[in-house]
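Q: Quick one: the structure is below, questions incoming.
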Amino acid sequence: MSTLDTRDAASKVLLEYAKNHEKNDNSITTDGGNPVGQKEASLTVGSLGPILLQDTVLIDELAHFSRERIPERVVHAKGAAAFGKFIVTHDITQYTDACVFATIGSETSIVVRFSQVAGERGYPDTYRDLRGFAIKFNTNDGIWDLVGNNSPIFFVNDAINFPMFIHALKRNPVTNVRPDYDAFWDFVSLRPESTHQTLQLFTDRGIPASYRKMHGYGANTFSFINAAGKFHYCKFHFKCQQGIENLSQSEADRLAGLDPDYYARDLYNAIHNGDFPSWDMHVQIMTPEQAATYSYNPFDNSKVWLHKDFPLIPVGRITLDQNPTNYFAEVEQLAFDVSHVIPGIDFSPDRMLQGRIFNYGDTQRYRLGINGTQLPVNEPFKLHNYNRDGQSILKSQGGAPNYFPNSFRGPKNNIRARALQPKIPLNGLVDRIDNGFDDNYSQASLLWRRVLKDDERHRTIENMLNWLRQTNRVIALRAIENFANVDQALGARLREGLDKQVKLPAHVSL
Ligand code: HEM
């Protein structure tokens, strides 16, 4: 056995390729398919002369090379994905007529992409951050993209605050250094709805041991419509079957230097070795009447629906059993669009969700082009409509009529989809109403007092202090005020930790 053979599966894909292509005798071609006679030398005038413009092999290669990158995702740029299936284990047809849940035992092919939120494509996997958990279901009614995180809540609860929060997390515009602790603590201390998610970020769950060892959550509120047209609100949960495991800050820091792609490697190796990760899907269900009277705004994604009020209902299982065969084609070009829902599943007035319905398709039209939905990894089983042409189209739908209505057997309205469209009476005054100052502390208090054990509370405080010590005192104290509203003792311990153990940066008046 060569030394190379002792490495993990993710390090040996080239060896695997060679093994599987022993009979490979393809010759190199240009992008035009023309055979290349000599790849290692440009076409020059003698051995000392300049290169000729007619060196089509060189031009073909340089032109392609300088166009290799597409814009990376503006958030969630670093990630890894795998293919698999969703199997229905329980009947929820009383709530939804969505084809994906129609029959117990039925299978739907899926692809799941896990990611970090704030870092770029090369960022270390083990940085403290939320993790993305996005699932594409390829159903008979088209694509259903459920784009969630490993957290049931989020920092802000109105789409208009999302880009500002992300700016505060990203690189400083002067130094290009990240994180900018002043920006982070300034933003979250000024927007108290972020308190619940910020607190959770500093618990052990802020750094999962791998993508396989964390739960997933749809987080936003969606709706279900059943065959009789009855409508419920719902939330999606994915319970990790591998067991939750997290990394200590010091272990995460060590791995960030040693193996920045630690999670990607772990996922690839596990699947390659037949250790297929799975998650059980559950839903929470709320009637419109309950939504009208619930003690929390059910459309505010900085809060959960308490499980005691809305218990988890089991639905099915997702399992990942196949690695991508090419990262760029199948992961970088993978596009989850929150606006992709199927009949039986619909939206809610959740302000974050409303913004997301627009934003994903919009960014993907920029990132992948107008026909990105036709790339093999994104394409639905069926595509029949009146959209045509555009850059890099794969299927322009042949000779089918390109206008509607028509008398020539072009695709028609779908009666079932129409019936499953929720009919929601709406009224109210058009206004801009800041919802960031509702009760932001009682659920965070439950997390702090009831969910976390003493030792985890201790680590959470240490983790918070690690970051708080790196901002100035005014901002740190303002941030601590929010945590004191969660729990007086938590506030006091943070204040004490800040004063005792740090040489504070010079006071900056704001
Ligand atoms: C209004 C709020 C939000 C906006 C405007 C927004 C916007 C975006 C954008 C522009 C992308 C890049 C998509 C791409 O290039 O394909 C993205 C990716 C993502 N977002 Fe959001 N986002 C929001 C909130 C959320 C929330 C609340 C969650 C989780 C519950 C979430 C989860 C994700 C995930 C997992 C991805 C990565 C998808 C992938 O793997 O390709 N986002 N978001």
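Chain labels follow the order of the structure tokens: the first chain is A, the next B, and so on; residue numbering restarts at 1 in every chain, and ligands are counted from 1 in their shown order.
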Could you give me the residues within 7 Å of ligand 1, counting only C-alpha atoms and all ligand atoms, as a PyMOL selection string?

A: chain A and resi 72-76+79+113-115+132-134+147-149+154+158-160+162-163+217-220+334-336+352-353+355-356+359-360+363-364+367

Q: Would you pick out the contacts of A:Ser194 at 6 Å or less, using only C-alpha atoms, so that residues sharing its chain but fewer than 4 positions from it are not included, and give the list as a PyMOL selection string?

A: chain A and resi 155-156+188+198

Q: Excluding stretch 23-35 of chain A and any residue of its chain fewer than 6 positions from it, enumerate the residues within 12 Å of it, using only C-alpha atoms, and give them as a short mmCIF file (atom, residue, chain, number, x, y, z; two decimals) with C-alpha atoms, in the first residue's frame.

A:
data_model
loop_
_atom_site.label_atom_id
_atom_site.label_comp_id
_atom_site.auth_asym_id
_atom_site.auth_seq_id
_atom_site.Cartn_x
_atom_site.Cartn_y
_atom_site.Cartn_z
CA TYR A 17 -10.52 8.74 -10.51
CA ASP A 55 -2.64 30.05 -30.89
CA THR A 56 -6.26 28.97 -30.47
CA VAL A 57 -5.30 26.42 -27.83
CA LEU A 58 -3.77 29.08 -25.58
CA ILE A 59 -6.54 31.63 -26.18
CA ASP A 60 -9.21 29.00 -25.54
CA GLU A 61 -7.57 28.16 -22.23
CA LEU A 62 -6.79 31.73 -21.05
CA ALA A 63 -10.25 32.99 -21.97
CA HIS A 64 -11.91 30.20 -20.04
CA PHE A 65 -9.57 30.56 -17.09
#

Q: Out of A:Gly229, A:Pro260, A:Pro71, A:Pro405, which residue has the shortest atom-to-atom distance to A:Gln421 when counting only C-alpha atoms?

A: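 So, comparing all the options, the nearest one is A:Gly229.
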
Q: Just want the 9 Å neighbourhood of stretch 471-488 of chain A, counted on only C-alpha atoms, with same-chain residues fewer than 2 positions away dropped. Output as a PyMOL selection string.

A: chain A and resi 180-186+188-190+192+195-196+199+440-446+448-449+467-469+490-495+498+504-510

Q: Considering only C-alpha atoms, state which residue in the set A:Arg171, A:Arg432, A:Arg212, A:Lys308 is at the smallest distance from A:Arg131.

A: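 Of A:Arg171, A:Arg432, A:Arg212, A:Lys308, the one nearest A:Arg131 is A:Arg212, counting only C-alpha atoms.
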
Q: Between A:Val315, A:Leu429, A:Leu420, A:Ala81, which is the closest to A:Ala102 once you count only C-alpha atoms?

A: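 The shortest atom-to-atom distance to A:Ala102 comes from A:Val315.
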
Q: Assign secondary structure with DSSP using the backbone only, and return the residues of stretch 225-324 of chain A in strand (DSSP E or B) as number ranges by chain.

A: A: 225, 231-240, 246, 278-286, 313-322

Q: Mind dumping the selected residues with N, CA, C and O atoms as a compact mmCIF listing (two decimals), in the first residue's frame?

A:
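Dumped everything to selection_30.txt:
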# COMPACT_ATOMS: atom_id res chain seq x y z
N ILE A 225 -51.96 23.79 3.26
CA ILE A 225 -53.35 23.81 2.80
C ILE A 225 -53.72 22.36 2.47
O ILE A 225 -52.99 21.69 1.73
N PHE A 231 -56.64 25.68 5.94
CA PHE A 231 -55.35 26.32 6.01
C PHE A 231 -54.81 26.33 7.45
O PHE A 231 -55.56 26.58 8.39
N HIS A 232 -53.52 25.98 7.65
CA HIS A 232 -52.86 26.05 8.96
C HIS A 232 -51.49 26.71 8.76
O HIS A 232 -50.90 26.58 7.70
N TYR A 233 -50.98 27.34 9.81
CA TYR A 233 -49.58 27.78 9.78
C TYR A 233 -48.69 26.63 10.25
O TYR A 233 -49.14 25.77 11.01
N CYS A 234 -47.44 26.61 9.80
CA CYS A 234 -46.56 25.52 10.22
C CYS A 234 -45.11 25.99 10.28
O CYS A 234 -44.72 26.99 9.67
N LYS A 235 -44.34 25.23 11.06
CA LYS A 235 -42.88 25.40 11.11
C LYS A 235 -42.25 24.03 10.93
O LYS A 235 -42.81 23.02 11.37
N PHE A 236 -41.06 24.00 10.32
CA PHE A 236 -40.37 22.74 10.02
C PHE A 236 -39.15 22.55 10.92
O PHE A 236 -38.40 23.49 11.17
N HIS A 237 -38.97 21.30 11.37
CA HIS A 237 -37.83 20.95 12.24
C HIS A 237 -37.18 19.68 11.69
O HIS A 237 -37.89 18.76 11.26
N PHE A 238 -35.86 19.61 11.79
CA PHE A 238 -35.13 18.40 11.36
C PHE A 238 -34.23 17.95 12.50
O PHE A 238 -33.26 18.64 12.84
N LYS A 239 -34.59 16.82 13.11
CA LYS A 239 -33.86 16.34 14.30
C LYS A 239 -32.74 15.41 13.86
O LYS A 239 -32.99 14.36 13.23
N CYS A 240 -31.54 15.81 14.24
CA CYS A 240 -30.35 15.07 13.84
C CYS A 240 -30.33 13.68 14.48
O CYS A 240 -30.49 13.55 15.69
N ASN A 246 -20.83 19.30 19.79
CA ASN A 246 -20.28 20.64 19.52
C ASN A 246 -18.79 20.67 19.80
O ASN A 246 -18.27 19.75 20.44
N SER A 278 -28.71 11.21 8.81
CA SER A 278 -30.15 11.40 8.59
C SER A 278 -30.74 12.33 9.65
O SER A 278 -30.17 12.51 10.73
N TRP A 279 -31.87 12.89 9.31
CA TRP A 279 -32.59 13.81 10.19
C TRP A 279 -34.07 13.48 10.10
O TRP A 279 -34.58 13.19 9.00
N ASP A 280 -34.78 13.50 11.22
CA ASP A 280 -36.22 13.27 11.20
C ASP A 280 -36.96 14.59 11.09
O ASP A 280 -36.72 15.52 11.89
N MET A 281 -37.85 14.64 10.10
CA MET A 281 -38.61 15.88 9.91
C MET A 281 -39.85 15.88 10.81
O MET A 281 -40.56 14.88 10.89
N HIS A 282 -40.05 17.00 11.50
CA HIS A 282 -41.26 17.21 12.29
C HIS A 282 -41.86 18.55 11.87
O HIS A 282 -41.14 19.41 11.33
N VAL A 283 -43.16 18.72 12.15
CA VAL A 283 -43.76 20.03 11.94
C VAL A 283 -44.47 20.48 13.21
O VAL A 283 -44.88 19.64 14.02
N GLN A 284 -44.58 21.77 13.37
CA GLN A 284 -45.48 22.34 14.36
C GLN A 284 -46.63 22.96 13.58
O GLN A 284 -46.40 23.54 12.50
N ILE A 285 -47.82 22.83 14.12
CA ILE A 285 -49.01 23.29 13.40
C ILE A 285 -49.77 24.27 14.28
O ILE A 285 -49.96 24.02 15.47
N MET A 286 -50.23 25.37 13.66
CA MET A 286 -51.00 26.39 14.38
C MET A 286 -52.20 26.79 13.52
O MET A 286 -52.03 27.05 12.32
N ILE A 313 -44.81 17.27 15.50
CA ILE A 313 -45.55 16.17 14.86
C ILE A 313 -44.60 15.50 13.87
O ILE A 313 -44.07 16.17 12.97
N PRO A 314 -44.35 14.18 14.03
CA PRO A 314 -43.40 13.53 13.12
C PRO A 314 -43.96 13.41 11.70
O PRO A 314 -45.16 13.22 11.52
N VAL A 315 -43.06 13.53 10.73
CA VAL A 315 -43.49 13.51 9.31
C VAL A 315 -42.68 12.50 8.49
O VAL A 315 -43.25 11.71 7.73
N GLY A 316 -41.35 12.55 8.62
CA GLY A 316 -40.56 11.69 7.73
C GLY A 316 -39.09 11.81 8.05
O GLY A 316 -38.70 12.38 9.07
N ARG A 317 -38.28 11.24 7.17
CA ARG A 317 -36.84 11.23 7.42
C ARG A 317 -36.07 11.62 6.15
O ARG A 317 -36.39 11.16 5.06
N ILE A 318 -35.06 12.48 6.32
CA ILE A 318 -34.15 12.73 5.20
C ILE A 318 -32.84 12.00 5.48
O ILE A 318 -32.37 11.97 6.61
N THR A 319 -32.29 11.40 4.42
CA THR A 319 -31.01 10.69 4.54
C THR A 319 -30.13 11.11 3.39
O THR A 319 -30.60 11.21 2.24
N LEU A 320 -28.86 11.36 3.67
CA LEU A 320 -27.92 11.76 2.62
C LEU A 320 -27.00 10.60 2.32
O LEU A 320 -26.29 10.11 3.23
N ASP A 321 -27.00 10.14 1.08
CA ASP A 321 -26.24 8.92 0.76
C ASP A 321 -25.38 9.05 -0.49
O ASP A 321 -24.85 8.06 -0.99
N GLN A 322 -25.25 10.27 -0.99
CA GLN A 322 -24.45 10.41 -2.22
C GLN A 322 -23.69 11.74 -2.24
O GLN A 322 -24.30 12.80 -2.06

Q: Name all residues at most 9 Å from A:Ala329 (count only C-alpha atoms; drop same-chain ones fewer than 4 positions away) and give them as number ranges by chain.

A: A: 324-325, 333-334, 375-377

Q: Please save C-alpha atoms of the selected residues as a compact mmCIF listing (two decimals), in the first residue's frame.

A:
# COMPACT_ATOMS: atom_id res chain seq x y z
CA PRO A 324 -21.50 15.39 -5.38
CA THR A 325 -19.28 14.37 -8.27
CA GLN A 333 -24.30 26.31 -8.97
CA LEU A 334 -26.90 24.85 -6.62
CA LEU A 375 -28.84 23.83 -14.69
CA PRO A 376 -28.99 20.06 -14.06
CA VAL A 377 -28.69 20.41 -10.26

Q: Would you please give, as number ranges by chain, all residues of stretch 199-368 of chain A that DSSP assigns to helix (DSSP H, G or I) based on the backbone?

A: A: 199-201, 204-206, 211-213, 249-258, 262-272, 288-293, 327-332, 351-367

Q: Let me make sure I understand: among A:Tyr127, A:Phe347, A:Tyr268, A:Tyr403, which one has the smallest atom-to-atom distance to A:Phe202 if we use only C-alpha atoms?

A: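 Once distances to A:Phe202 are computed over only C-alpha atoms, the minimum belongs to A:Tyr127.
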
Q: Identify which of the residues A:Phe381, A:Ser106, A:Val117, A:Asp141 lies closest to A:His167, counting only C-alpha atoms when measuring atom-to-atom distances.

A: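 Once distances to A:His167 are computed over only C-alpha atoms, the minimum belongs to A:Val117.
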
Q: Quick check, in Å to one decimal: how far apart do atom CA of A:Gly119 and atom CA of A:Ile166 lie?

A: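 Atom CA of A:Gly119 sits 10.4 Å away from atom CA of A:Ile166.
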
Q: To one decimal in Å, tell me the separation between atom CA of A:Leu267 and atom CA of A:Ala9.

A: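 Between atom CA of A:Leu267 and atom CA of A:Ala9 the gap is 10.6 Å.
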
Q: To one decimal place in Å, what is the distance between atom CA of A:Ala10 and atom CA of A:Arg67?

A: 26.7 Å
